[in-house]
file query38.txt (compact mmCIF, C-alpha atoms and all ligand atoms)
# COMPACT_ATOMS: atom_id res chain seq x y z
CA MET E 894 -5.88 22.17 8.92
CA THR E 895 -4.71 19.95 6.11
CA LYS E 896 -5.66 16.30 6.05
CA ILE E 897 -3.02 13.87 4.86
CA ASP E 898 -3.98 10.58 3.24
CA ILE E 899 -1.35 8.04 2.23
CA PHE E 900 -2.10 5.55 -0.54
CA SER E 901 0.50 2.82 -0.44
CA GLY E 902 0.43 -0.47 -2.32
CA PHE E 903 2.83 -2.64 -4.26
CA LEU E 904 3.76 -2.02 -7.89
CA GLY E 905 0.71 -2.00 -10.11
CA ALA E 906 -1.75 -2.62 -7.27
CA GLY E 907 -4.10 0.13 -8.40
CA LYS E 908 -3.14 3.17 -6.31
CA THR E 909 -3.43 5.65 -9.16
CA THR E 910 -6.71 4.11 -10.31
CA LEU E 911 -8.16 4.42 -6.80
CA ILE E 912 -6.94 8.00 -6.35
CA LYS E 913 -8.55 8.97 -9.66
CA LYS E 914 -11.85 7.48 -8.54
CA LEU E 915 -11.78 9.23 -5.18
CA ILE E 916 -10.86 12.57 -6.71
CA ALA E 917 -13.76 12.27 -9.13
CA GLU E 918 -16.33 10.96 -6.68
CA ALA E 919 -15.39 11.87 -3.14
CA TYR E 920 -13.04 14.83 -2.99
CA ALA E 921 -14.88 17.11 -5.42
CA GLY E 922 -14.72 20.76 -4.39
CA GLN E 923 -11.74 20.27 -2.07
CA LYS E 924 -8.38 21.87 -2.65
CA LEU E 925 -6.13 18.89 -3.28
CA VAL E 926 -2.45 18.30 -3.78
CA LEU E 927 -1.07 14.96 -4.89
CA ILE E 928 2.50 14.03 -4.08
CA GLU E 929 3.61 11.16 -6.26
CA ASN E 930 6.78 9.22 -5.85
CA GLU E 931 7.63 6.90 -8.68
CA PHE E 932 10.42 4.43 -8.26
CA GLY E 933 11.40 4.50 -11.92
CA GLU E 934 13.61 7.26 -13.20
CA ILE E 935 10.98 8.30 -15.70
CA GLY E 936 7.73 9.66 -14.35
CA ILE E 937 4.82 8.45 -16.40
CA ASP E 938 1.73 8.86 -14.25
CA GLY E 939 2.16 12.61 -13.77
CA GLY E 940 -0.02 14.76 -15.91
CA PHE E 941 -3.13 12.64 -15.72
CA LEU E 942 -4.76 15.02 -13.30
CA LYS E 943 -3.16 18.28 -14.27
CA GLU E 944 -6.09 19.10 -16.53
CA ALA E 945 -8.44 18.49 -13.62
CA GLY E 946 -6.76 21.34 -11.74
CA ILE E 947 -5.06 19.08 -9.23
CA GLU E 948 -1.65 20.24 -8.14
CA ILE E 949 0.89 17.48 -8.51
CA THR E 950 4.36 17.27 -7.04
CA GLU E 951 6.31 14.47 -8.64
CA MET E 952 9.31 13.01 -6.93
CA ASN E 953 11.15 10.52 -9.06
CA SER E 954 14.62 8.97 -9.15
CA GLY E 955 14.48 7.56 -5.66
CA CYS E 956 12.30 6.62 -2.79
CA ILE E 957 10.69 9.17 -0.48
CA CYS E 958 11.32 6.80 2.38
CA CYS E 959 15.03 6.23 1.64
CA SER E 960 17.16 8.54 -0.46
CA LEU E 961 14.56 11.27 -0.82
CA VAL E 962 13.30 11.41 2.75
CA GLY E 963 14.69 14.93 3.41
CA ASP E 964 13.40 16.22 0.08
CA PHE E 965 10.03 14.69 0.81
CA ARG E 966 9.66 16.54 4.12
CA GLU E 967 10.66 19.79 2.45
CA ALA E 968 8.23 19.18 -0.41
CA LEU E 969 5.43 18.53 2.06
CA LYS E 970 6.10 21.72 3.99
CA LYS E 971 6.37 23.74 0.82
CA VAL E 972 3.09 22.38 -0.48
CA ILE E 973 1.33 23.19 2.81
CA ASP E 974 2.72 26.73 2.97
CA GLN E 975 2.13 27.49 -0.67
CA TYR E 976 -1.33 26.05 -1.24
CA GLN E 977 -2.86 25.46 2.19
CA PRO E 978 -4.77 22.57 0.70
CA ASP E 979 -7.71 20.77 2.33
CA ARG E 980 -5.99 17.49 1.62
CA ILE E 981 -2.64 16.16 0.57
CA LEU E 982 -2.76 12.76 -1.09
CA ILE E 983 0.55 10.94 -0.96
CA GLU E 984 1.23 8.08 -3.35
CA PRO E 985 4.53 6.50 -2.30
CA SER E 986 6.39 4.30 -4.73
CA GLY E 987 5.11 0.73 -4.95
CA VAL E 988 8.21 -0.51 -3.18
CA GLY E 989 8.15 2.09 -0.41
CA LYS E 990 7.64 0.94 3.16
CA LEU E 991 4.49 2.46 4.57
CA SER E 992 6.01 2.68 8.06
CA ASP E 993 8.85 4.84 6.73
CA VAL E 994 6.45 7.13 4.92
CA THR E 995 4.19 7.55 7.95
CA LYS E 996 7.23 8.34 10.09
CA ALA E 997 8.29 11.04 7.67
CA VAL E 998 4.78 12.48 7.69
CA GLN E 999 4.49 12.34 11.46
CA GLY E 1000 7.57 14.52 11.69
CA ILE E 1001 5.62 17.26 9.91
CA ALA E 1002 2.74 17.23 12.38
CA ALA E 1003 4.90 18.98 14.98
CA GLU E 1004 5.61 21.84 12.61
CA ARG E 1005 2.45 22.33 10.59
CA ASP E 1006 -1.29 22.19 11.16
CA VAL E 1007 -1.92 18.78 9.65
CA GLN E 1008 -4.03 15.76 10.49
CA LEU E 1009 -2.74 12.33 9.55
CA ASN E 1010 -6.05 11.14 8.26
CA SER E 1011 -5.60 7.69 6.74
CA PHE E 1012 -2.92 5.17 5.81
CA VAL E 1013 -4.33 2.97 3.11
CA THR E 1014 -2.81 0.04 1.27
CA VAL E 1015 -4.14 -1.09 -2.08
CA ALA E 1016 -3.50 -4.80 -2.74
CA ASP E 1017 -4.14 -6.80 -5.89
CA VAL E 1018 -6.26 -9.73 -4.70
CA ASN E 1019 -4.49 -12.06 -7.15
CA LYS E 1020 -0.99 -11.36 -5.90
CA VAL E 1021 -1.21 -11.16 -2.12
CA ARG E 1022 0.31 -14.57 -1.45
CA LEU E 1023 2.99 -14.31 -4.12
CA TYR E 1024 4.23 -10.86 -3.16
CA MET E 1025 4.07 -11.63 0.54
CA LYS E 1026 6.28 -14.60 -0.12
CA ASN E 1027 8.77 -13.04 -2.52
CA PHE E 1028 8.89 -9.41 -1.44
CA GLY E 1029 7.62 -9.67 2.11
CA GLU E 1030 9.94 -7.14 3.67
CA PHE E 1031 8.27 -4.40 1.65
CA TYR E 1032 4.87 -5.93 1.08
CA ASN E 1033 4.18 -6.91 4.68
CA ASP E 1034 5.23 -3.52 5.92
CA GLN E 1035 2.56 -1.96 3.72
CA ILE E 1036 -0.05 -4.47 4.86
CA SER E 1037 0.67 -4.35 8.57
CA HIS E 1038 0.82 -0.57 8.92
CA ALA E 1039 -2.37 0.28 7.04
CA ASN E 1040 -5.56 1.32 8.78
CA ALA E 1041 -7.51 0.15 5.74
CA ILE E 1042 -6.62 -2.34 3.02
CA ILE E 1043 -8.43 -1.96 -0.26
CA LEU E 1044 -8.34 -5.05 -2.46
CA SER E 1045 -8.27 -4.39 -6.20
CA ARG E 1046 -9.54 -6.60 -9.03
CA THR E 1047 -12.05 -8.39 -6.81
CA GLY E 1048 -14.71 -8.01 -9.52
CA ALA E 1049 -13.05 -10.79 -11.51
CA ALA E 1050 -11.87 -12.90 -8.57
CA SER E 1051 -13.61 -15.95 -7.09
CA GLU E 1052 -15.12 -15.82 -3.62
CA ASP E 1053 -12.56 -18.36 -2.54
CA LYS E 1054 -9.61 -16.34 -3.81
CA ILE E 1055 -10.86 -13.26 -1.96
CA ALA E 1056 -11.33 -15.27 1.24
CA ARG E 1057 -7.79 -16.65 1.04
CA ALA E 1058 -6.33 -13.19 0.46
CA VAL E 1059 -8.27 -11.80 3.41
CA ALA E 1060 -7.11 -14.64 5.67
CA ILE E 1061 -3.42 -14.06 5.04
CA ILE E 1062 -3.80 -10.30 5.27
CA ARG E 1063 -5.55 -10.74 8.63
CA GLU E 1064 -2.51 -12.63 9.94
CA LYS E 1065 -0.42 -9.53 9.35
CA ASN E 1066 -3.04 -6.97 10.27
CA PRO E 1067 -5.85 -8.01 12.59
CA GLU E 1068 -7.30 -4.52 12.86
CA ALA E 1069 -7.64 -2.89 9.47
CA THR E 1070 -10.85 -2.58 7.54
CA ILE E 1071 -10.48 -4.72 4.41
CA VAL E 1072 -12.50 -3.61 1.40
CA THR E 1073 -13.39 -6.72 -0.61
CA THR E 1074 -16.16 -5.34 -2.83
CA ASP E 1075 -15.44 -4.49 -6.47
CA TRP E 1076 -14.78 -0.74 -6.63
CA ASN E 1077 -17.22 -0.40 -9.52
CA GLN E 1078 -20.01 -1.24 -7.12
CA LEU E 1079 -18.92 1.34 -4.57
CA LYS E 1080 -19.21 5.07 -4.51
CA GLY E 1081 -16.02 6.98 -3.75
CA GLU E 1082 -17.61 8.26 -0.52
CA GLN E 1083 -18.09 4.71 0.73
CA ILE E 1084 -14.43 3.92 0.18
CA VAL E 1085 -13.38 7.13 1.94
CA ALA E 1086 -15.64 6.28 4.88
CA ALA E 1087 -14.00 2.84 5.13
CA MET E 1088 -10.57 4.44 4.98
CA GLU E 1089 -11.35 6.83 7.78
CA SER E 1090 -13.13 4.67 10.29
CA LYS E 1091 -13.92 1.10 11.08
CA ARG E 1092 -17.55 0.19 11.51
CA ASP E 1093 -18.13 -1.74 14.66
CA PHE E 1094 -21.38 -3.61 14.11
CA VAL E 1095 -21.43 -5.12 17.57
CA LYS E 1096 -21.19 -1.69 19.15
CA GLU E 1097 -23.78 -0.24 16.78
CA LEU E 1098 -26.24 -3.02 17.54
CA LEU E 1099 -25.69 -2.81 21.26
CA GLU E 1100 -26.31 0.92 21.13
CA GLU E 1101 -29.43 0.40 19.09
CA THR E 1102 -30.83 -2.15 21.50
CA GLN E 1103 -29.55 -0.22 24.52
CA ILE E 1104 -27.80 -3.29 25.83
CA CYS E 1105 -24.97 -2.30 28.08
CA PRO E 1106 -21.75 -3.53 26.51
CA GLU E 1107 -20.25 -3.80 29.99
CA CYS E 1108 -22.79 -5.92 31.82
CA GLY E 1109 -25.03 -7.15 29.04
CA HIS E 1110 -28.19 -5.75 30.68
CA HIS E 1111 -30.78 -3.55 29.12
CA HIS E 1112 -30.72 0.03 30.43
CA GLU E 1113 -33.22 2.70 29.54
CA HIS E 1114 -31.80 5.57 27.61
CA GLY E 1115 -29.56 7.75 29.76
CA GLU E 1116 -29.78 5.40 32.73
CA GLU E 1117 -26.57 4.76 34.59
CA CYS E 1118 -25.36 1.22 34.45
CA GLY E 1119 -25.02 0.81 38.21
CA HIS E 1120 -22.91 -2.26 37.94
CA ASP E 1121 -19.48 -2.36 39.24
CA HIS E 1122 -17.37 -2.50 36.13
CA GLU E 1123 -14.13 -1.81 37.79
CA HIS E 1124 -12.49 -4.67 35.99
CA LYS E 1125 -11.71 -2.53 32.98
CA HIS E 1126 -8.96 -4.51 31.47
CA HIS E 1127 -7.29 -1.92 29.34
CA HIS E 1128 -4.31 -4.08 29.57
CA HIS E 1129 -4.21 -5.92 26.34
CA ASP E 1130 -2.28 -3.47 24.36
CA HIS E 1131 -3.85 -0.90 22.08
CA ASP E 1132 -7.26 -0.95 23.79
CA GLU E 1133 -7.69 -4.51 22.73
CA GLU E 1134 -10.38 -6.34 24.67
CA CYS E 1135 -9.54 -9.77 25.96
CA GLY E 1136 -12.66 -11.25 24.47
CA CYS E 1137 -12.08 -14.65 26.05
CA GLY E 1138 -15.33 -14.43 27.96
CA HIS E 1139 -13.82 -15.16 31.34
CA ASP E 1140 -14.34 -13.01 34.30
CA HIS E 1141 -10.78 -12.77 35.37
CA ASP E 1142 -9.17 -10.00 37.19
CA HIS E 1143 -6.50 -8.53 35.00
CA GLU E 1144 -4.15 -7.31 37.56
CA HIS E 1145 -1.23 -7.45 35.27
CA HIS E 1146 -1.91 -4.08 33.80
CA HIS E 1147 0.19 -4.33 30.77
CA HIS E 1148 1.43 -7.18 28.72
CA ASP E 1149 4.67 -6.27 27.26
CA HIS E 1150 5.12 -6.99 23.63
CA ASP E 1151 6.34 -10.50 24.03
CA GLU E 1152 4.68 -11.30 27.28
CA GLU E 1153 1.96 -13.89 27.35
CA CYS E 1154 -1.38 -12.91 28.81
CA GLY E 1155 -1.47 -15.99 31.00
CA CYS E 1156 -5.20 -16.54 30.69
CA GLY E 1157 -4.52 -19.50 28.51
CA HIS E 1158 -6.18 -18.16 25.42
CA ASP E 1159 -4.55 -17.54 22.18
CA HIS E 1160 -4.59 -13.78 21.73
CA ASP E 1161 -2.95 -12.75 18.58
CA HIS E 1162 -0.31 -10.24 19.45
CA GLU E 1163 1.08 -10.37 16.01
CA HIS E 1164 0.96 -6.68 15.36
CA HIS E 1165 3.56 -6.08 18.03
CA HIS E 1166 6.30 -7.94 16.31
CA HIS E 1167 5.72 -8.66 12.72
CA ASP E 1168 9.35 -9.21 12.10
CA HIS E 1169 9.41 -12.87 12.94
CA ASP E 1170 7.83 -14.19 9.83
CA GLU E 1171 8.81 -11.45 7.48
CA GLU E 1172 10.49 -12.44 4.29
CA CYS E 1173 13.78 -11.03 3.23
CA GLY E 1174 12.30 -9.35 0.22
CA CYS E 1175 15.25 -10.08 -2.02
CA GLY E 1176 13.06 -12.27 -4.14
CA HIS E 1177 14.37 -15.62 -3.00
CA ASP E 1178 12.21 -18.20 -1.46
CA HIS E 1179 14.15 -18.97 1.67
CA ASP E 1180 12.68 -19.69 4.98
CA HIS E 1181 13.58 -17.21 7.67
CA GLU E 1182 12.72 -19.22 10.66
CA HIS E 1183 15.19 -17.74 13.01
CA HIS E 1184 14.72 -14.04 13.03
CA HIS E 1185 16.17 -12.67 9.88
CA HIS E 1186 19.86 -12.84 9.24
CA ASP E 1187 22.01 -13.87 12.13
CA HIS E 1188 23.15 -10.87 14.01
CA ASP E 1189 26.79 -11.54 13.82
CA GLY E 1190 26.76 -13.59 10.69
CA GLU E 1191 26.97 -12.75 7.07
CA CYS E 1192 23.82 -11.69 5.36
CA SER E 1193 22.49 -14.83 3.78
CA CYS E 1194 19.95 -13.13 1.61
CA GLY E 1195 22.20 -13.40 -1.37
CA CYS E 1196 21.80 -9.86 -2.60
CA GLY E 1197 25.50 -9.37 -2.08
CA HIS E 1198 25.27 -6.14 -0.15
CA ASP E 1199 26.81 -5.38 3.14
CA HIS E 1200 23.68 -4.00 4.65
CA ASP E 1201 22.09 -3.71 7.96
CA HIS E 1202 20.45 -6.96 8.96
CA HIS E 1203 17.01 -7.32 7.58
CA HIS E 1204 16.63 -3.80 6.39
CA HIS E 1205 16.91 -3.41 2.68
CA HIS E 1206 16.27 -0.19 0.89
CA ALA E 1207 14.06 -0.58 -2.12
CA ASP E 1208 16.90 0.26 -4.45
CA GLU E 1209 18.93 -2.68 -3.16
CA VAL E 1210 16.26 -5.13 -4.22
CA PHE E 1211 14.41 -3.47 -7.07
CA THR E 1212 15.73 -1.75 -10.16
CA SER E 1213 14.12 0.19 -12.91
CA TRP E 1214 14.99 0.59 -16.55
CA GLY E 1215 13.55 3.46 -18.53
CA ARG E 1216 14.02 5.19 -21.86
CA GLU E 1217 12.77 8.26 -23.64
CA THR E 1218 12.39 7.63 -27.31
CA ALA E 1219 10.92 9.02 -30.51
CA ARG E 1220 10.73 5.55 -32.04
CA VAL E 1221 7.33 4.67 -33.53
CA PHE E 1222 5.87 1.31 -32.42
CA THR E 1223 3.09 -0.88 -33.71
CA GLU E 1224 0.47 -1.99 -31.23
CA GLU E 1225 1.27 -5.59 -32.08
CA GLU E 1226 4.91 -5.04 -31.23
CA ILE E 1227 4.00 -3.67 -27.82
CA ARG E 1228 1.57 -6.50 -27.05
CA THR E 1229 4.18 -9.10 -27.97
CA ALA E 1230 6.86 -7.37 -25.91
CA LEU E 1231 4.58 -7.21 -22.87
CA GLU E 1232 3.81 -10.92 -23.13
CA GLU E 1233 7.54 -11.59 -23.34
CA LEU E 1234 8.12 -9.72 -20.08
CA ASP E 1235 6.43 -12.59 -18.22
CA SER E 1236 8.83 -15.17 -19.65
CA GLY E 1237 11.50 -14.66 -17.00
CA LYS E 1238 14.14 -13.89 -19.62
CA TYR E 1239 14.35 -10.26 -18.56
CA GLY E 1240 14.55 -10.75 -14.80
CA VAL E 1241 11.57 -10.62 -12.44
CA VAL E 1242 9.46 -7.96 -14.13
CA LEU E 1243 6.91 -6.53 -11.72
CA ARG E 1244 5.65 -3.51 -13.58
CA ALA E 1245 5.97 -1.79 -16.94
CA LYS E 1246 4.30 1.27 -18.32
CA GLY E 1247 4.70 3.54 -21.24
CA ILE E 1248 3.42 6.25 -23.51
CA LEU E 1249 4.80 5.78 -27.01
CA PRO E 1250 4.23 7.09 -30.52
CA GLY E 1251 2.40 4.45 -32.53
CA THR E 1252 1.75 3.87 -36.21
CA ASN E 1253 -1.94 4.63 -35.58
CA GLY E 1254 -1.72 7.31 -32.90
CA TRP E 1255 -0.15 7.21 -29.46
CA ILE E 1256 -0.01 3.96 -27.49
CA TYR E 1257 -0.42 3.90 -23.71
CA PHE E 1258 0.32 0.69 -21.84
CA ASP E 1259 0.30 -0.73 -18.32
CA HIS E 1260 1.65 -4.13 -17.42
CA VAL E 1261 1.67 -6.19 -14.23
CA PRO E 1262 2.62 -9.90 -14.30
CA GLY E 1263 0.02 -11.76 -16.32
CA GLU E 1264 -1.97 -8.66 -17.23
CA ALA E 1265 -1.39 -6.06 -19.93
CA ASP E 1266 -3.52 -3.06 -20.79
CA VAL E 1267 -2.75 -1.43 -24.14
CA ARG E 1268 -4.83 1.53 -25.24
CA GLY E 1269 -4.77 4.74 -27.25
CA GLY E 1270 -4.19 8.19 -25.79
CA ALA E 1271 -3.16 11.77 -26.45
CA ALA E 1272 0.21 12.70 -27.94
CA ASP E 1273 2.96 13.55 -25.48
CA VAL E 1274 6.14 15.58 -25.84
CA THR E 1275 8.19 12.44 -26.35
CA GLY E 1276 7.79 8.68 -25.98
CA ARG E 1277 8.60 7.14 -22.60
CA LEU E 1278 8.64 3.68 -21.15
CA CYS E 1279 9.73 2.19 -17.88
CA VAL E 1280 10.15 -1.34 -16.49
CA ILE E 1281 10.52 -2.13 -12.78
CA GLY E 1282 11.52 -5.42 -11.23
CA SER E 1283 14.36 -7.29 -9.63
CA LYS E 1284 17.48 -8.52 -11.39
CA LEU E 1285 16.45 -6.87 -14.66
CA ASP E 1286 18.50 -7.64 -17.73
CA GLU E 1287 18.76 -4.18 -19.24
CA ALA E 1288 20.51 -5.22 -22.44
CA ALA E 1289 17.78 -7.77 -23.15
CA LEU E 1290 15.09 -5.15 -22.46
CA GLU E 1291 16.72 -2.76 -24.91
CA GLN E 1292 16.60 -5.44 -27.55
CA LEU E 1293 13.03 -6.39 -26.76
CA PHE E 1294 11.85 -2.82 -27.37
CA HIS E 1295 14.31 -2.34 -30.27
CA LEU E 1296 16.06 0.46 -28.48
CA ALA E 1297 19.57 -0.97 -28.49
N1 LIG C 1 -9.49 -4.79 -13.84
C1 LIG C 1 -8.91 -4.01 -12.94
N2 LIG C 1 -7.77 -3.41 -13.28
C2 LIG C 1 -7.18 -2.63 -12.37
C3 LIG C 1 -7.71 -2.41 -11.07
N3 LIG C 1 -6.88 -1.60 -10.41
C4 LIG C 1 -5.88 -1.32 -11.24
N4 LIG C 1 -6.06 -1.92 -12.43
C5 LIG C 1 -5.16 -1.87 -13.60
O1 LIG C 1 -3.85 -2.18 -13.19
C6 LIG C 1 -2.89 -1.36 -13.82
C7 LIG C 1 -2.08 -0.62 -12.77
O2 LIG C 1 -2.93 0.25 -12.07
P1 LIG C 1 -2.39 1.61 -11.39
O3 LIG C 1 -3.56 2.29 -10.78
O4 LIG C 1 -1.55 2.38 -12.33
O5 LIG C 1 -1.48 0.98 -10.26
P2 LIG C 1 -0.45 1.70 -9.29
O6 LIG C 1 -0.56 1.02 -8.00
O7 LIG C 1 -0.64 3.18 -9.32
O8 LIG C 1 0.90 1.30 -10.00
P3 LIG C 1 2.38 1.92 -9.90
O9 LIG C 1 2.37 2.92 -11.02
O10 LIG C 1 3.25 0.76 -10.17
O11 LIG C 1 2.55 2.52 -8.59
C8 LIG C 1 -3.67 -0.44 -14.74
O12 LIG C 1 -3.68 -1.03 -16.02
C9 LIG C 1 -5.06 -0.44 -14.15
O13 LIG C 1 -6.04 -0.20 -15.13
C10 LIG C 1 -8.96 -3.07 -10.75
O14 LIG C 1 -9.50 -2.97 -9.65
N5 LIG C 1 -9.49 -3.86 -11.74

call {"tool": "encode", "arguments": {"input": "query38.txt", "output": "structure tokens", "more": "lines below"}}
Ligand SMILES: Nc1nc2c(ncn2[C@@H]2O[C@H](COP(=O)(O)OP(=O)(O)OP(=O)(O)O)[C@@H](O)[C@H]2O)c(=O)[nH]1
result
Amino acid sequence: MTKIDIFSGFLGAGKTTLIKKLIAEAYAGQKLVLIENEFGEIGIDGGFLKEAGIEITEMNSGCICCSLVGDFREALKKVIDQYQPDRILIEPSGVGKLSDVTKAVQGIAAERDVQLNSFVTVADVNKVRLYMKNFGEFYNDQISHANAIILSRTGAASEDKIARAVAIIREKNPEATIVTTDWNQLKGEQIVAAMESKRDFVKELLEETQICPECGHHHEHGEECGHDHEHKHHHHDHDEECGCGHDHDHEHHHHDHDEECGCGHDHDHEHHHHDHDEECGCGHDHDHEHHHHDHDGECSCGCGHDHDHHHHHADEVFTSWGRETARVFTEEEIRTALEELDSGKYGVVLRAKGILPGTNGWIYFDHVPGEADVRGGAADVTGRLCVIGSKLDEAALEQLFHLA
């Protein structure tokens, strides 16, 4: 039996950072395979764990949920047959839709002995609102399909910022565990436990005090309840309890997705039809009040493609620019270039990373809007850099990095 864990999350959210932590602290001693799908043509993350004996399958030049979906299934099967690992960690590209990835993985369950263990989304606490607004089609899919959402960068965020991020995430996903604590304060095992199950404090307390959750009376251990609890209203979808506190007979054994409960309370059925308030994802701030693009109308999203209503593939909205180069850079040059990326002159830059020869040793860098990390590292076979975003101006990027 191989467990499969999916780590989704938008560009630069912290997926790789989290996976590294879990491998070091929680998965020690297990036979692991990591399947990484980078959106950019040039794989840069690969290699970081090779020394640690982790098997890595890199899938670049496309999205495992769009153009590479067939290849992805084959790669999964091959990895299972070849290594019989305890766990397969899947890191989809930052612009992959989690629902597409889980579908692809579910297809495997019929053919191989696998357990779909967790679907996690890593979200940068500082960017939840922005990305939801500008890239909602992709972002909200990742948020709403996760069984746990792990916020990154909370160590430096205010209590208020964290609370606001949680509130808007909750609108899209009422069920998931949301990890709000700074990862540095948590052991890998604690994060894995949160990914795999949701703690229900009410249930735990009731069990501890031996209060019957059905009738609210105290029963001695092992004692039958004796009350007539035939009103089991398993009729809010997905085992959801009504929670409205009324003793009403739920005869209507199943609310369909859009059907109102009728008990007059505001139950949030949002997870049945997220589509309504989803953004187009093309990066424009337009209000989609009436469900997406009109069915028989032209697509108004402005991306100029003749595509299926409200379903963009990542490569219709996002592009990547990458180069391999032997050019030697100064650290100063890199820092200045990364600052420039936020100016808007190069398109909407969402992520940049690189490993480049430098005048004082090799330079490694990571960039997300408003945040650049430039550091030293080991020499590589050649220099590589990659920029991902929407409406990138490639000629301007070439000039910025003096690669024209
Ligand atoms: N301070 C801080 N930095 C973080 C945290 N998580 C990620 N980062 C930084 O953010 C950058 C991107 O992190 P990655 O782990 O590479 O993000 P990713 O989601 O794998 O990114 P993609 O490669 O775009 O898929 C790196 O510079 C990390 O060091 C965090 O919790 N706190």

call {"tool": "residues_around", "arguments": {"input": "query38.txt", "residues": "Ala1058 in chain E", "least_positions_apart": "4", "cutoff": "8 Å", "atoms": "all atoms listed in the file", "output": "PDB file with C-alpha atoms, keeping the file's coordinate frame"}}
result
ATOM      1  CA  VAL E1018      -6.260  -9.730  -4.700  1.00  0.00           C
ATOM      2  CA  ASN E1019      -4.490 -12.060  -7.150  1.00  0.00           C
ATOM      3  CA  VAL E1021      -1.210 -11.160  -2.120  1.00  0.00           C
ATOM      4  CA  ARG E1022       0.310 -14.570  -1.450  1.00  0.00           C
ATOM      5  CA  LYS E1054      -9.610 -16.340  -3.810  1.00  0.00           C
ATOM      6  CA  ILE E1062      -3.800 -10.300   5.270  1.00  0.00           C
TER       7      ILE E1062
END

call {"tool": "closest_atom_pairs", "arguments": {"input": "query38.txt", "of": "chain E", "to": "ligand LIG 1 (chain C)", "cutoff": "7 Å", "atoms": "all atoms listed in the file", "output": "JSON lines"}}
result
{"residue": "E:Gly902", "atom": "CA", "partner": "C:LIG1", "partner_atom": "O6", "distance": 6.0}
{"residue": "E:Phe903", "atom": "CA", "partner": "C:LIG1", "partner_atom": "O6", "distance": 6.2}
{"residue": "E:Leu904", "atom": "CA", "partner": "C:LIG1", "partner_atom": "O10", "distance": 3.6}
{"residue": "E:Gly905", "atom": "CA", "partner": "C:LIG1", "partner_atom": "O8", "distance": 3.3}
{"residue": "E:Ala906", "atom": "CA", "partner": "C:LIG1", "partner_atom": "O6", "distance": 3.9}
{"residue": "E:Gly907", "atom": "CA", "partner": "C:LIG1", "partner_atom": "O3", "distance": 3.3}
{"residue": "E:Lys908", "atom": "CA", "partner": "C:LIG1", "partner_atom": "O6", "distance": 3.8}
{"residue": "E:Thr909", "atom": "CA", "partner": "C:LIG1", "partner_atom": "O7", "distance": 3.7}
{"residue": "E:Thr910", "atom": "CA", "partner": "C:LIG1", "partner_atom": "O3", "distance": 3.7}
{"residue": "E:Leu911", "atom": "CA", "partner": "C:LIG1", "partner_atom": "O3", "distance": 6.4}
{"residue": "E:Glu931", "atom": "CA", "partner": "C:LIG1", "partner_atom": "O11", "distance": 6.7}
{"residue": "E:Asp938", "atom": "CA", "partner": "C:LIG1", "partner_atom": "O9", "distance": 6.8}
{"residue": "E:Ser986", "atom": "CA", "partner": "C:LIG1", "partner_atom": "O11", "distance": 5.7}
{"residue": "E:Gly987", "atom": "CA", "partner": "C:LIG1", "partner_atom": "O11", "distance": 4.8}
{"residue": "E:Ser1045", "atom": "CA", "partner": "C:LIG1", "partner_atom": "O14", "distance": 3.9}
{"residue": "E:Arg1046", "atom": "CA", "partner": "C:LIG1", "partner_atom": "O14", "distance": 3.7}
{"residue": "E:Thr1047", "atom": "CA", "partner": "C:LIG1", "partner_atom": "O14", "distance": 6.6}
{"residue": "E:Asp1075", "atom": "CA", "partner": "C:LIG1", "partner_atom": "O14", "distance": 6.9}
{"residue": "E:Trp1076", "atom": "CA", "partner": "C:LIG1", "partner_atom": "O14", "distance": 6.5}
{"residue": "E:Arg1244", "atom": "CA", "partner": "C:LIG1", "partner_atom": "O10", "distance": 6.0}
{"residue": "E:Asp1259", "atom": "CA", "partner": "C:LIG1", "partner_atom": "O12", "distance": 4.6}
{"residue": "E:His1260", "atom": "CA", "partner": "C:LIG1", "partner_atom": "O12", "distance": 6.3}
{"residue": "E:Val1261", "atom": "CA", "partner": "C:LIG1", "partner_atom": "C6", "distance": 6.7}
{"residue": "E:Ala1265", "atom": "CA", "partner": "C:LIG1", "partner_atom": "O12", "distance": 6.8}
{"residue": "E:Asp1266", "atom": "CA", "partner": "C:LIG1", "partner_atom": "O12", "distance": 5.2}

call {"tool": "closest_residue", "arguments": {"input": "query38.txt", "among": "E:Lys970, E:Lys914, E:His1295, E:Lys1020", "to": "Phe1222 in chain E", "atoms": "only C-alpha atoms"}}
result
E:His1295

call {"tool": "atom_distance", "arguments": {"input": "query38.txt", "atom1": "CA of Phe1258 in chain E", "atom2": "CA of Ala1039 in chain E"}}
result
29.0 Å

call {"tool": "atom_distance", "arguments": {"input": "query38.txt", "atom1": "CA of Lys1284 in chain E", "atom2": "CA of Ile1036 in chain E"}}
result
24.2 Å

call {"tool": "closest_residue", "arguments": {"input": "query38.txt", "among": "E:Gln1292, E:Ser1051, E:Thr1218, E:Thr1229", "to": "Asp1273 in chain E", "atoms": "all atoms listed in the file"}}
result
E:Thr1218

call {"tool": "atom_distance", "arguments": {"input": "query38.txt", "atom1": "CA of Met1025 in chain E", "atom2": "CA of Glu1089 in chain E"}}
result
25.1 Å

call {"tool": "residues_around", "arguments": {"input": "query38.txt", "residues": "Glu1232 in chain E", "least_positions_apart": "2", "cutoff": "10 Å", "atoms": "only C-alpha atoms", "output": "ChimeraX atom specification"}}
result
/E:1227-1230,1234-1236,1260,1262-1265

call {"tool": "residues_around", "arguments": {"input": "query38.txt", "residues": "range 992-1007 of chain E", "least_positions_apart": "6", "cutoff": "7 Å", "atoms": "all atoms listed in the file", "output": "JSON, numbers by chain"}}
result
{"E": [894, 895, 896, 897, 958, 966, 1034, 1038]}
